[in-house]
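Q: Input file: work_16.pdb. Contents: PDB, C-alpha atoms.
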```
ATOM      1  CA  MET S   1      12.224   9.450 -13.474  1.00  0.00           C
ATOM      2  CA  THR S   2       9.408  11.927 -13.803  1.00  0.00           C
ATOM      3  CA  THR S   3       9.136  15.334 -12.159  1.00  0.00           C
ATOM      4  CA  PRO S   4       5.999  16.364 -10.246  1.00  0.00           C
ATOM      5  CA  SER S   5       3.077  18.376 -11.556  1.00  0.00           C
ATOM      6  CA  GLU S   6       2.886  22.149 -11.183  1.00  0.00           C
ATOM      7  CA  ASN S   7       0.300  22.108  -8.382  1.00  0.00           C
ATOM      8  CA  LYS S   8       2.668  20.711  -5.759  1.00  0.00           C
ATOM      9  CA  LEU S   9       1.048  19.031  -2.772  1.00  0.00           C
ATOM     10  CA  SER S  10       2.693  19.102   0.642  1.00  0.00           C
ATOM     11  CA  GLY S  11       3.195  15.329   0.685  1.00  0.00           C
ATOM     12  CA  PRO S  12       1.193  12.131   1.029  1.00  0.00           C
ATOM     13  CA  GLY S  13      -0.054  12.956   4.527  1.00  0.00           C
ATOM     14  CA  VAL S  14       1.497   9.940   6.247  1.00  0.00           C
ATOM     15  CA  LYS S  15       1.401  10.498  10.033  1.00  0.00           C
ATOM     16  CA  PHE S  16       3.783   7.808  11.342  1.00  0.00           C
ATOM     17  CA  PRO S  17       7.024   6.514   9.812  1.00  0.00           C
ATOM     18  CA  PRO S  18       6.259   3.130   8.193  1.00  0.00           C
ATOM     19  CA  PRO S  19       8.965   1.199  10.100  1.00  0.00           C
ATOM     20  CA  LEU S  20       6.991   1.892  13.291  1.00  0.00           C
ATOM     21  CA  TYR S  21       4.164  -0.326  12.049  1.00  0.00           C
ATOM     22  CA  PHE S  22       6.559  -3.259  11.729  1.00  0.00           C
ATOM     23  CA  VAL S  23       8.398  -2.570  14.984  1.00  0.00           C
ATOM     24  CA  GLY S  24       5.033  -2.158  16.714  1.00  0.00           C
ATOM     25  CA  GLY S  25       3.751  -5.494  15.402  1.00  0.00           C
ATOM     26  CA  LEU S  26       6.880  -7.313  16.545  1.00  0.00           C
ATOM     27  CA  PHE S  27       6.840  -5.550  19.922  1.00  0.00           C
ATOM     28  CA  VAL S  28       3.179  -6.324  20.634  1.00  0.00           C
ATOM     29  CA  GLY S  29       3.760  -9.942  19.563  1.00  0.00           C
ATOM     30  CA  TRP S  30       6.773 -10.186  21.848  1.00  0.00           C
ATOM     31  CA  LEU S  31       4.752  -8.689  24.745  1.00  0.00           C
ATOM     32  CA  LEU S  32       1.935 -11.192  24.210  1.00  0.00           C
ATOM     33  CA  ASP S  33       4.464 -14.014  24.007  1.00  0.00           C
ATOM     34  CA  THR S  34       6.351 -13.037  27.159  1.00  0.00           C
ATOM     35  CA  ARG S  35       3.564 -11.548  29.312  1.00  0.00           C
ATOM     36  CA  LEU S  36       0.394 -13.408  28.327  1.00  0.00           C
ATOM     37  CA  HIS S  37       1.160 -16.865  26.972  1.00  0.00           C
ATOM     38  CA  ALA S  38       4.040 -18.162  24.884  1.00  0.00           C
ATOM     39  CA  LEU S  39       2.912 -19.575  21.541  1.00  0.00           C
ATOM     40  CA  PRO S  40       5.960 -20.949  19.721  1.00  0.00           C
ATOM     41  CA  ILE S  41       5.642 -21.604  16.014  1.00  0.00           C
ATOM     42  CA  THR S  42       7.531 -24.852  16.365  1.00  0.00           C
ATOM     43  CA  THR S  43       9.235 -26.892  19.036  1.00  0.00           C
ATOM     44  CA  SER S  44      10.306 -29.700  16.716  1.00  0.00           C
ATOM     45  CA  VAL S  45      12.886 -27.763  14.679  1.00  0.00           C
ATOM     46  CA  SER S  46      16.217 -26.807  16.185  1.00  0.00           C
ATOM     47  CA  PRO S  47      16.160 -23.239  17.572  1.00  0.00           C
ATOM     48  CA  VAL S  48      19.525 -22.672  15.889  1.00  0.00           C
ATOM     49  CA  ILE S  49      18.039 -23.457  12.466  1.00  0.00           C
ATOM     50  CA  ILE S  50      14.910 -21.348  13.089  1.00  0.00           C
ATOM     51  CA  ARG S  51      16.922 -18.366  14.350  1.00  0.00           C
ATOM     52  CA  GLY S  52      19.504 -18.754  11.578  1.00  0.00           C
ATOM     53  CA  ALA S  53      16.760 -18.635   8.951  1.00  0.00           C
ATOM     54  CA  GLY S  54      15.287 -15.645  10.770  1.00  0.00           C
ATOM     55  CA  TYR S  55      18.568 -13.726  10.768  1.00  0.00           C
ATOM     56  CA  LEU S  56      19.035 -14.517   7.071  1.00  0.00           C
ATOM     57  CA  LEU S  57      15.568 -13.134   6.275  1.00  0.00           C
ATOM     58  CA  VAL S  58      16.242 -10.016   8.356  1.00  0.00           C
ATOM     59  CA  LEU S  59      19.465  -9.487   6.419  1.00  0.00           C
ATOM     60  CA  ILE S  60      17.711  -9.959   3.065  1.00  0.00           C
ATOM     61  CA  GLY S  61      14.826  -7.692   4.103  1.00  0.00           C
ATOM     62  CA  VAL S  62      17.121  -4.928   5.323  1.00  0.00           C
ATOM     63  CA  GLY S  63      19.078  -5.236   2.076  1.00  0.00           C
ATOM     64  CA  VAL S  64      15.959  -4.865  -0.070  1.00  0.00           C
ATOM     65  CA  ALA S  65      14.726  -1.888   1.983  1.00  0.00           C
ATOM     66  CA  ALA S  66      18.177  -0.274   1.883  1.00  0.00           C
ATOM     67  CA  TRP S  67      18.327  -0.715  -1.905  1.00  0.00           C
ATOM     68  CA  GLY S  68      15.050   1.194  -2.149  1.00  0.00           C
ATOM     69  CA  MET S  69      16.326   3.940   0.160  1.00  0.00           C
ATOM     70  CA  ILE S  70      19.621   4.273  -1.712  1.00  0.00           C
ATOM     71  CA  THR S  71      17.724   4.495  -5.009  1.00  0.00           C
ATOM     72  CA  PHE S  72      15.563   7.293  -3.585  1.00  0.00           C
ATOM     73  CA  ALA S  73      18.625   9.082  -2.200  1.00  0.00           C
ATOM     74  CA  ARG S  74      20.367   8.929  -5.590  1.00  0.00           C
ATOM     75  CA  ALA S  75      17.230  10.383  -7.207  1.00  0.00           C
ATOM     76  CA  ARG S  76      17.243  13.134  -4.558  1.00  0.00           C
ATOM     77  CA  THR S  77      13.652  12.495  -3.535  1.00  0.00           C
ATOM     78  CA  ALA S  78      12.109  12.138  -0.087  1.00  0.00           C
ATOM     79  CA  ILE S  79      12.719   8.786   1.569  1.00  0.00           C
ATOM     80  CA  VAL S  80      10.365   9.503   4.471  1.00  0.00           C
ATOM     81  CA  PRO S  81       6.741   9.657   3.213  1.00  0.00           C
ATOM     82  CA  VAL S  82       5.837  12.657   5.349  1.00  0.00           C
ATOM     83  CA  ARG S  83       7.667  14.864   2.844  1.00  0.00           C
ATOM     84  CA  PRO S  84       6.791  15.545  -0.815  1.00  0.00           C
ATOM     85  CA  ALA S  85       8.404  13.565  -3.616  1.00  0.00           C
ATOM     86  CA  SER S  86      10.543  15.458  -6.091  1.00  0.00           C
ATOM     87  CA  THR S  87      10.516  12.719  -8.707  1.00  0.00           C
ATOM     88  CA  LEU S  88       8.812   9.439  -9.600  1.00  0.00           C
ATOM     89  CA  VAL S  89      11.498   6.763  -9.274  1.00  0.00           C
ATOM     90  CA  GLU S  90      11.139   3.814 -11.641  1.00  0.00           C
ATOM     91  CA  ASN S  91      14.623   2.298 -11.627  1.00  0.00           C
ATOM     92  CA  GLY S  92      16.514   0.012  -9.230  1.00  0.00           C
ATOM     93  CA  PRO S  93      14.156  -2.151  -7.173  1.00  0.00           C
ATOM     94  CA  TYR S  94      11.253   0.059  -8.308  1.00  0.00           C
ATOM     95  CA  ARG S  95      11.361  -1.864 -11.619  1.00  0.00           C
ATOM     96  CA  PHE S  96      10.051  -4.937  -9.754  1.00  0.00           C
ATOM     97  CA  THR S  97       7.871  -3.534  -6.976  1.00  0.00           C
ATOM     98  CA  ARG S  98       6.350  -0.135  -6.253  1.00  0.00           C
ATOM     99  CA  ASN S  99       7.140  -0.641  -2.566  1.00  0.00           C
ATOM    100  CA  PRO S 100      10.586  -2.219  -2.146  1.00  0.00           C
ATOM    101  CA  MET S 101      11.126  -0.597   1.250  1.00  0.00           C
ATOM    102  CA  TYR S 102       7.876  -2.053   2.618  1.00  0.00           C
ATOM    103  CA  THR S 103       8.563  -5.382   0.918  1.00  0.00           C
ATOM    104  CA  GLY S 104      11.980  -5.447   2.569  1.00  0.00           C
ATOM    105  CA  MET S 105      10.493  -4.550   5.946  1.00  0.00           C
ATOM    106  CA  THR S 106       7.950  -7.351   5.547  1.00  0.00           C
ATOM    107  CA  ILE S 107      10.716  -9.860   4.780  1.00  0.00           C
ATOM    108  CA  ALA S 108      12.660  -8.600   7.824  1.00  0.00           C
ATOM    109  CA  TYR S 109       9.471  -8.897   9.947  1.00  0.00           C
ATOM    110  CA  ILE S 110       9.096 -12.543   8.851  1.00  0.00           C
ATOM    111  CA  GLY S 111      12.699 -13.025   9.934  1.00  0.00           C
ATOM    112  CA  GLY S 112      11.762 -11.508  13.289  1.00  0.00           C
ATOM    113  CA  ILE S 113       8.895 -13.995  13.587  1.00  0.00           C
ATOM    114  CA  LEU S 114      11.401 -16.827  13.211  1.00  0.00           C
ATOM    115  CA  ILE S 115      13.960 -15.281  15.573  1.00  0.00           C
ATOM    116  CA  LEU S 116      11.289 -14.842  18.250  1.00  0.00           C
ATOM    117  CA  ASN S 117       9.668 -18.198  17.341  1.00  0.00           C
ATOM    118  CA  SER S 118       6.388 -16.519  18.171  1.00  0.00           C
ATOM    119  CA  PHE S 119       3.016 -17.364  16.707  1.00  0.00           C
ATOM    120  CA  TRP S 120       1.719 -14.053  18.133  1.00  0.00           C
ATOM    121  CA  THR S 121       3.990 -12.079  15.815  1.00  0.00           C
ATOM    122  CA  LEU S 122       2.805 -14.225  12.906  1.00  0.00           C
ATOM    123  CA  ILE S 123      -0.830 -13.478  13.785  1.00  0.00           C
ATOM    124  CA  LEU S 124      -0.021  -9.753  13.936  1.00  0.00           C
ATOM    125  CA  LEU S 125       1.661  -9.638  10.494  1.00  0.00           C
ATOM    126  CA  PRO S 126      -1.613  -9.361   8.500  1.00  0.00           C
ATOM    127  CA  ILE S 127      -2.844  -6.688  10.911  1.00  0.00           C
ATOM    128  CA  THR S 128       0.432  -4.810  10.507  1.00  0.00           C
ATOM    129  CA  LEU S 129       0.155  -4.988   6.718  1.00  0.00           C
ATOM    130  CA  ILE S 130      -3.499  -3.886   6.741  1.00  0.00           C
ATOM    131  CA  LEU S 131      -2.602  -0.868   8.887  1.00  0.00           C
ATOM    132  CA  LEU S 132       0.368  -0.080   6.621  1.00  0.00           C
ATOM    133  CA  TYR S 133      -1.852  -0.313   3.551  1.00  0.00           C
ATOM    134  CA  LYS S 134      -4.643   1.824   5.014  1.00  0.00           C
ATOM    135  CA  PHE S 135      -2.557   4.551   6.632  1.00  0.00           C
ATOM    136  CA  VAL S 136       0.514   4.658   4.377  1.00  0.00           C
ATOM    137  CA  VAL S 137       0.235   2.922   0.993  1.00  0.00           C
ATOM    138  CA  GLN S 138      -3.225   4.267   0.085  1.00  0.00           C
ATOM    139  CA  ARG S 139      -2.176   7.821   0.988  1.00  0.00           C
ATOM    140  CA  GLU S 140       1.053   7.527  -0.953  1.00  0.00           C
ATOM    141  CA  GLU S 141      -0.736   6.171  -4.016  1.00  0.00           C
ATOM    142  CA  ARG S 142      -3.337   8.956  -3.974  1.00  0.00           C
ATOM    143  CA  TYR S 143      -0.568  11.529  -3.579  1.00  0.00           C
ATOM    144  CA  LEU S 144       1.578  10.063  -6.376  1.00  0.00           C
ATOM    145  CA  ALA S 145      -1.420   9.855  -8.719  1.00  0.00           C
ATOM    146  CA  ALA S 146      -2.246  13.521  -8.072  1.00  0.00           C
ATOM    147  CA  GLU S 147       1.385  14.599  -8.260  1.00  0.00           C
ATOM    148  CA  PHE S 148       2.597  12.633 -11.302  1.00  0.00           C
ATOM    149  CA  GLY S 149      -0.669  11.952 -13.167  1.00  0.00           C
ATOM    150  CA  GLN S 150      -0.399   9.797 -16.258  1.00  0.00           C
ATOM    151  CA  ALA S 151       3.242   8.913 -15.592  1.00  0.00           C
ATOM    152  CA  TYR S 152       2.265   7.303 -12.268  1.00  0.00           C
ATOM    153  CA  ASP S 153      -0.755   5.612 -13.837  1.00  0.00           C
ATOM    154  CA  ASN S 154       1.510   4.079 -16.507  1.00  0.00           C
ATOM    155  CA  TYR S 155       3.986   2.995 -13.825  1.00  0.00           C
ATOM    156  CA  ARG S 156       1.188   1.385 -11.764  1.00  0.00           C
ATOM    157  CA  LYS S 157       0.090  -0.602 -14.812  1.00  0.00           C
ATOM    158  CA  ARG S 158       3.652  -1.849 -15.423  1.00  0.00           C
ATOM    159  CA  VAL S 159       4.838  -2.610 -11.884  1.00  0.00           C
ATOM    160  CA  LYS S 160       3.029  -4.529  -9.143  1.00  0.00           C
ATOM    161  CA  ARG S 161       2.489  -2.989  -5.722  1.00  0.00           C
ATOM    162  CA  TRP S 162       4.388  -5.752  -3.934  1.00  0.00           C
ATOM    163  CA  LEU S 163       5.998  -8.579  -5.921  1.00  0.00           C
TER
END
```
Go through the file and emit its structure as structure tokens.
A:
Amino acid sequence: MTTPSENKLSGPGVKFPPPLYFVGGLFVGWLLDTRLHALPITTSVSPVIIRGAGYLLVLIGVGVAAWGMITFARARTAIVPVRPASTLVENGPYRFTRNPMYTGMTIAYIGGILILNSFWTLILLPITLILLYKFVVQREERYLAAEFGQAYDNYRKRVKRWL
């Protein structure tokens, strides 16, 4: 863990909590599926199997995201990216991915796709991830680079953004 630079910024400037991007994508997909035209991913596989796989992925995704949150809490740094970071966390799931919370949310979203059996939600996943990248990840990375300098640059070289 590395402490921030002396010229402390007020935070990464993220406007909306990142989970809202994922919830929004699933909600819009569900609306399109129920109000416009249902587009199931599959009709040939048992709904029990599809939903079971979906629930398993949601559980795994929530677990990965929670591991990231618990690691941040133990380091006593901001979990919500609208607040400044007090330290650069490099342990726990942050050894494998710079964004375990977003990776976990993505896995949970894929589980939601299966639970809803909705092609609309699948179509919206790349859009959700592009919005997350543009309005959250890029801001966080700029902030962390300014705040932690060479330590963050070294971390970025060692650990991939996703997996």
Q: For this structure, which residues satisfy the selection - the PyMOL selection byres ((chain S and resi 38-45) around 6) - when it is evaluated on the file as given? I want them as a JSON list (two decimals) with C-alpha atoms, in the frame of the given file.
A:
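Output contents, as saved in part.json:
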```json
[["chain", "number", "residue", "atom", "x", "y", "z"],
["S", 33, "ASP", "CA", 4.46, -14.01, 24.01],
["S", 37, "HIS", "CA", 1.16, -16.86, 26.97],
["S", 46, "SER", "CA", 16.22, -26.81, 16.18],
["S", 117, "ASN", "CA", 9.67, -18.20, 17.34],
["S", 118, "SER", "CA", 6.39, -16.52, 18.17],
["S", 119, "PHE", "CA", 3.02, -17.36, 16.71]]
```
Q: Please report, as a Markdown table, each residue of stretch 3-93 of chain S lying at most 8 Å from stretch 129-144 of chain S, together with the nearest pair of atoms and the separation in Å rounded to one decimal; use all atoms listed in the file, and order rows by chain and ascending residue number.
A:
```
| residue | atom | partner | partner_atom | distance |
| --- | --- | --- | --- | --- |
| S:Leu9 | CA | S:Tyr143 | CA | 7.7 |
| S:Gly11 | CA | S:Tyr143 | CA | 6.8 |
| S:Pro12 | CA | S:Tyr143 | CA | 5.0 |
| S:Gly13 | CA | S:Arg139 | CA | 6.6 |
| S:Val14 | CA | S:Val136 | CA | 5.7 |
| S:Lys15 | CA | S:Phe135 | CA | 7.9 |
| S:Pro18 | CA | S:Leu132 | CA | 6.9 |
| S:Tyr21 | CA | S:Leu132 | CA | 6.6 |
| S:Pro81 | CA | S:Glu140 | CA | 7.4 |
| S:Leu88 | CA | S:Leu144 | CA | 7.9 |
```
Q: For a test of reading the model, state the distance in Å between atom CA of S:Asn99 and atom CA of S:Ala65, rounded to one decimal.
A: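 Atom-to-atom, atom CA of S:Asn99 to atom CA of S:Ala65, that is 8.9 Å.
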Q: Given the PyMOL selection byres ((chain S and resi 48-53) around 10) and the file above, list the residues it selects as a ChimeraX atom specification.
A: /S:41-43,45-47,54-59,110-117
Q: Suppose you want the space between atom CA of S:Ile70 and atom CA of S:Gln150; what is it in Å?
A: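 Atom CA of S:Ile70 sits 25.4 Å away from atom CA of S:Gln150.
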Q: What gap, in Å, lies between atom CA of S:Tyr109 and atom CA of S:Lys157?
A: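 Separation between atom CA of S:Tyr109 and atom CA of S:Lys157: 27.7 Å.
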Q: Measuring between only C-alpha atoms, which one of S:Phe16, S:Phe22, S:Trp30, S:Tyr152 shows the shortest distance to S:Thr121?
A: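 Closest candidate: S:Trp30.
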Q: List the neighbours of S:Gly92 out to 10 Å using all atoms listed in the file; skip same-chain residues closer than 4 positions along the sequence, and give me the result as a VMD selection string.
A: chain S and resid 67 to 68 70 to 72 96 to 97 100
Q: Export, as a compact mmCIF listing (two decimals), in the coordinates of the input, the selected residues with C-alpha atoms.
A:
```txt
# COMPACT_ATOMS: atom_id res chain seq x y z
CA TRP S 67 18.33 -0.72 -1.90
CA GLY S 68 15.05 1.19 -2.15
CA ILE S 70 19.62 4.27 -1.71
CA THR S 71 17.72 4.50 -5.01
CA PHE S 72 15.56 7.29 -3.58
CA PHE S 96 10.05 -4.94 -9.75
CA THR S 97 7.87 -3.53 -6.98
CA PRO S 100 10.59 -2.22 -2.15
```
Q: So, counting all atoms listed in the file, which residue among S:Ile107, S:Val23, S:Ala66, S:Ile123 is closest to S:Pro93?
A: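 Answer, going by the shortest atom-to-atom distance: S:Ala66.
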Q: Smallest atom-to-atom distance to S:Trp120: which of S:Tyr155, S:Ser10, S:Leu20, S:Leu26, using all atoms listed in the file?
A: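 Checking each candidate against S:Trp120, we get S:Leu26 as the closest.
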Q: Go through S:Glu90, S:Gly61, S:Thr34, S:Gly24 one by one, measure the shortest atom-to-atom distance of each to S:Asn154 using only C-alpha atoms, and give the residue with the smallest value.
A: S:Glu90
Q: Between S:Leu36, S:Leu125, S:Val89, S:Arg98, which residue has the minimum interatomic distance to S:Arg76, considering all atoms listed in the file?
A: S:Val89
